[in-house]
Amino acid sequence: MTSAPVATAPARSVGDSPDRPAGSIRRRQRLRRALTGWAFSAPYTVLFLVFMAVPVVVSLVMSFTDLRSTDLRNPFAVNFVGLDNYTRLFSDDLFLRSSVNTLVFVVIGVPLTIVLALAAATALNSGLLRFRALFRVGFYLPVVTSIVAVAVVWRFLLDPEVGLINNLLRVVGVDGPSWLFDTKLALPSLIVMAAWRNFGFLMVIFLAGLQAIPGELYEAATLDGASRWQQFRNVTLPLLRPTLLFGGVVTGIGYLQFFEEPFVMTQGGPLSSTLSVSYHIYNQFGFGNYGYAAAASYVLFIAIVALSVIQFRFLGDRK
Amino acid sequence: MRRSRFAAVAAVALAASVALTGCGRDSGGGQDEAKSVAEGKASGEITVWAMGTEGEKLGEFAKAFSAENPDAKVNVTAVPWDAAHQKIASAIAAKQTPDVSMIGTTWQGEFAKTGALDPTPPDLIKKDDFFPGAWDTTVVDETSYGVPWYVETRGIYYRKDLAAAAGFPDGPKTWDDLKTMATKMKQAGVREGFHLQGAKTGTWQSIMPFAWSNGFDGLGADELSFDSPEMVEALTYYQSFFKEGLSNANLPEGQQEPDFVSGKIGAFISGPWHIGILEEKGGAAFKDKFAIAPMPTKKSGTSFIGGSNLAVFKDAKNRDAGWKFVQWLSKPEIQVKWYQAVNDLPSVQSAWDDSALSGDPYLAVFGKQLEDAKAPPAIPTWEQVAAAFDLEVEKLCKNQADAATTAKAIQQKASAIGTGA
């Protein structure tokens with residue numbers, strides 16, 4: 001049994017390749033065609049090499065050196081330190097702390113955002129037909145609003161003394177906490193804010209996905225006596241899986257790099273409880289530890305790839 | 001399969017690192033020698049980078065220089081503060097620097113260590129003209145790489161009415177005074193007797209004055225030693241304001257000024273810019289309600305000195321004229337005019353004899369304080385050390401961490417970071 005493919009292999013290769021009878025003319029033609037092809041793709045290839053490949057390779061090499069900002073004038077006069085930057089990362093309290101924060105942000109933030117977006121999309125798709133355009137704009141508005149403006153509003157909302165949220169809590173007799181100054185509440189506050197800010201984008205995507213589901217399927221399900229929840233569970237969700245996968249991957253990539261929220265709201269505080277990996281990398285670049293920061297960036301990159309692979313495994317096509 | 005590919009990558013990386021270690025760092029560079037500057041008037045085009053208000057106003061201000069030196073033209077580029085560090089760093093890397101740039105005092109060590117800055121020519125610039133604390137911020141490896149342009153320092157802002165009611169009509173003079181005053185204010189119903197920064201970037205600038213006043217002397221260019229009895233005592237004192245409820249570590253940003261105006265805060269520590277802010281928030285009448293005291297004394301009354309320096313680059317196209325422009329900006333009469341234009345306090349001591357400065361009761365306090373004010377050493381890693389310091393102090397102020405433990409933790413971080421020497 002095992003020898004069968006070996007036996008068929010040469011036969012197929014002869015049949016497939018027109019190489020043998022072609023001769024040198026064919027080969028020259030092929031070379032010319034290849035050259036023409038490369039010429040056409042040259043603008044893209046050159047741009048890619050200069051602006052993507054080279055910087056990526058340089059930064060990767062940088063992560064194995066002790067390059068600091070004081071080496072700017074002689075960037076080649078640095079020492080190679082091997083994996084030293086990487087091993088140091090995992091004994092760096094702040095890096096570990098920021099990794100935990102980022103993980104919490106992703107693990108809670110991504111599902112929360114997806115659920116919110118899905119709920120809003122489903123509502124817009126079925127119930128709220130009359131004001132659909134208005135709601136769509138309303139939910140999408142935070143996505144296109146500058147984070148700085150969002151931060152001003154949210155800082156006002158969350159202010160312990162004059163904030164809207166604590167004033168509302170006071171009405172029902174609860175003494176609200178100081179959200180952004182409490183080490184336990186600051187990160188959850190930012191998660192809620194990020195979900196609020198980002199779910200509009202996913203909602204639009206999900207809405208498109210929902211509208212692509214044929215109405216007959218729901219009709220058939222109704223005839224079979226399926227309830228609304230059963231329809232959602234057994235018709236909507238399976239057919240929406242590719243869209244959900246896209247949403248999960250995109251949001252996951254964005255949330256693993258979360259930076260803007262703590263940058264404008266808390267500066268990573270209180271007591272580093274909202275310090276994210278990206279923010280830590282930003283700080284390290286600021287301190288001039290280029291090699292170290294590059295190493296941290298690659299660890300983050302690997303984490304992003306890993307998360308995306310996991311999501312493809314769980315939500316991807318199971319054919 | 002996957003394993004062997006990893007091994008191949010590792011082998012290549014190892015080979016590359018072995019091959020490339022040949023071009024590693026050279027150990028210990030030679031000392032920079034300051035070169036002299038040609039005599040005569042400045043000529044040619046001088047490009048200058050400056051940040052913030054300075055960047056906006058310097059171009060107009062420099063016309064007086066061109067009037068004195070008709071052949072010279074000053075081109076000022078205004079750089080936003082946020083982008084300045086990156087822009088200067090990129091310029092150094094590309095060797096496309098301006099002739100002169102404004103440099104934040106805490107960046108001095110980093111940029112000087114790149115070898116991009118020109119040593120200050122002693123024949124043109126006299127060290128003794130400047131406040132010693134300010135001059136020290138230009139010195140890296142015992143060579144000066146720039147000139148202090150303007151300075152700022154910290155003092156105690158207090159409400160006259162509340163202080164008088166607490167028994168200190170002339171403000172606190174010593175550490176004990178400050179503590180007693182804040183406590184009495186609190187007993188009289190003031191929410192925070194003495195507000196101190198308890199978290200976030202720059203807390204060290206409020207703490208170091210207390211450490212220095214307590215005789216702390218652990219910051220050298222080659223070694224940082226935070227773990228000393230003087231530091232622990234200063235941290236304990238600082239922490240006590242939070243422990244005893246005299247200061248709130250969680251005050252939202254921008255809340256300090258309105259609370260001071262409304263009397264919820266009795267005193268706080270800050271620099272000269274707060275004079276203008278308080279007048280704006282409190283109205284013209286509020287100017288009589290507050291006063292400024294120099295840093296209260298323990299062993300001394302040492303404050304923190306900050307500000308900005310001017311440096312000339314080695315890659316400058318017009319080095320000599322650049323230095324002449326810097327020297328012009330350091331003339332006492334020009335420093336006074338510059339103060340009148342943008343409110344920057346002169347770094348040149350004799351400029352303070354002018355009545356524009358010595359006649360102002362608030363500024364006079366800062367002028368006196370500048371004579372006893374220190375800055376951290378100009379080392380490339382200072383900002384990172386300071387960030388670690390701020391973080392540990394946040395635990396001290398918010399979590400009631402032990403002062404001795406805090407000093408040890410700061411020291412541990414500082415040792416790991418090093419001085420970048």
# chains A, B, ... in the order shown; residues from 1 in each chain; ligands from 1

call {"tool": "residues_around", "arguments": {"residues": "Trp81 in chain B", "least_positions_apart": "6", "cutoff": "12 Å", "atoms": "only C-alpha atoms", "output": "JSON, numbers by chain"}}
result
{"B": [49, 50, 51, 52, 53, 54, 55, 56, 87, 88, 102, 103, 104, 308]}

call {"tool": "select_by_dssp", "arguments": {"residues": "range 189-244 of chain B", "states": "strand (DSSP E or B)", "output": "list in words"}}
result
Glu192, His195, Leu219 and Leu224 of chain B

call {"tool": "write_last_selection", "arguments": {"atoms": "C-alpha atoms", "output": "compact mmCIF listing (two decimals), in the first residue's frame"}}
result
# COMPACT_ATOMS: atom_id res chain seq x y z
CA GLU B 192 -5.96 68.75 52.24
CA HIS B 195 -1.30 68.54 48.62
CA LEU B 219 23.09 60.61 42.80
CA LEU B 224 23.08 55.87 41.98

call {"tool": "interface_residues", "arguments": {"of": "chain A", "to": "chain B", "cutoff": "8 Å", "atoms": "only C-alpha atoms", "output": "ChimeraX atom specification"}}
result
/A:69-73,76-82,159,181,267,269-272,287

call {"tool": "residues_around", "arguments": {"residues": "Leu103 in chain A", "least_positions_apart": "3", "cutoff": "12 Å", "atoms": "only C-alpha atoms", "output": "PyMOL selection string"}}
result
chain A and resi 96-100+106-110+187+191+252-253+255-258+274-277+300+303-304+307

call {"tool": "write_last_selection", "arguments": {"atoms": "N, CA and C atoms", "output": "short mmCIF file (atom, residue, chain, number, x, y, z; two decimals), in the first residue's frame"}}
result
data_model
loop_
_atom_site.label_atom_id
_atom_site.label_comp_id
_atom_site.auth_asym_id
_atom_site.auth_seq_id
_atom_site.Cartn_x
_atom_site.Cartn_y
_atom_site.Cartn_z
N LEU A 96 5.86 41.42 32.82
CA LEU A 96 4.95 40.35 33.22
C LEU A 96 3.61 40.94 33.62
N ARG A 97 3.68 42.02 34.39
CA ARG A 97 2.44 42.68 34.81
C ARG A 97 1.63 43.13 33.58
N SER A 98 2.34 43.74 32.62
CA SER A 98 1.63 44.25 31.45
C SER A 98 1.08 43.09 30.62
N SER A 99 1.78 41.95 30.62
CA SER A 99 1.26 40.79 29.87
C SER A 99 -0.05 40.31 30.49
N VAL A 100 -0.08 40.24 31.81
CA VAL A 100 -1.31 39.81 32.49
C VAL A 100 -2.43 40.79 32.18
N VAL A 106 -7.82 41.18 26.66
CA VAL A 106 -8.25 40.43 25.48
C VAL A 106 -9.32 39.41 25.84
N VAL A 107 -9.08 38.67 26.92
CA VAL A 107 -9.97 37.55 27.26
C VAL A 107 -11.36 38.07 27.62
N ILE A 108 -11.44 39.21 28.27
CA ILE A 108 -12.75 39.77 28.60
C ILE A 108 -13.24 40.69 27.49
N GLY A 109 -12.33 41.48 26.95
CA GLY A 109 -12.72 42.52 26.00
C GLY A 109 -13.24 41.99 24.68
N VAL A 110 -12.56 40.99 24.11
CA VAL A 110 -12.95 40.51 22.78
C VAL A 110 -14.35 39.88 22.81
N LEU A 187 -8.79 48.80 35.11
CA LEU A 187 -8.73 47.99 33.89
C LEU A 187 -10.13 47.61 33.40
N ILE A 191 -11.83 48.37 29.79
CA ILE A 191 -12.38 47.32 28.92
C ILE A 191 -13.77 47.73 28.43
N GLY A 252 -9.20 40.69 18.16
CA GLY A 252 -8.12 40.12 18.96
C GLY A 252 -6.79 40.80 18.67
N ILE A 253 -6.51 41.00 17.38
CA ILE A 253 -5.25 41.66 16.99
C ILE A 253 -5.22 43.07 17.56
N TYR A 255 -6.93 44.29 20.13
CA TYR A 255 -6.92 44.36 21.60
C TYR A 255 -5.58 43.91 22.19
N LEU A 256 -4.90 42.99 21.52
CA LEU A 256 -3.59 42.59 22.03
C LEU A 256 -2.62 43.77 21.98
N GLN A 257 -2.89 44.69 21.08
CA GLN A 257 -2.00 45.85 20.98
C GLN A 257 -2.58 47.06 21.69
N PHE A 258 -3.46 46.83 22.65
CA PHE A 258 -4.19 47.98 23.19
C PHE A 258 -3.24 48.95 23.89
N THR A 274 -3.08 49.31 34.58
CA THR A 274 -3.58 49.39 33.21
C THR A 274 -2.43 49.46 32.20
N LEU A 275 -1.25 49.10 32.64
CA LEU A 275 -0.10 49.10 31.72
C LEU A 275 -0.24 47.93 30.76
N SER A 276 -0.25 48.20 29.46
CA SER A 276 -0.35 47.12 28.48
C SER A 276 1.03 46.83 27.91
N VAL A 277 1.12 45.71 27.20
CA VAL A 277 2.41 45.35 26.61
C VAL A 277 2.86 46.44 25.63
N LEU A 300 5.30 40.15 21.50
CA LEU A 300 3.91 40.53 21.28
C LEU A 300 3.42 40.01 19.93
N ALA A 303 2.61 36.44 20.14
CA ALA A 303 1.35 36.25 20.86
C ALA A 303 0.17 36.51 19.93
N ILE A 304 0.29 37.53 19.08
CA ILE A 304 -0.80 37.84 18.15
C ILE A 304 -1.00 36.70 17.16
N LEU A 307 -2.69 33.80 18.97
CA LEU A 307 -4.12 34.02 19.22
C LEU A 307 -4.92 33.82 17.94
#

call {"tool": "select_by_dssp", "arguments": {"residues": "range 195-398 of chain B", "states": "alpha helix (DSSP H)", "output": "count of residues only"}}
result
94
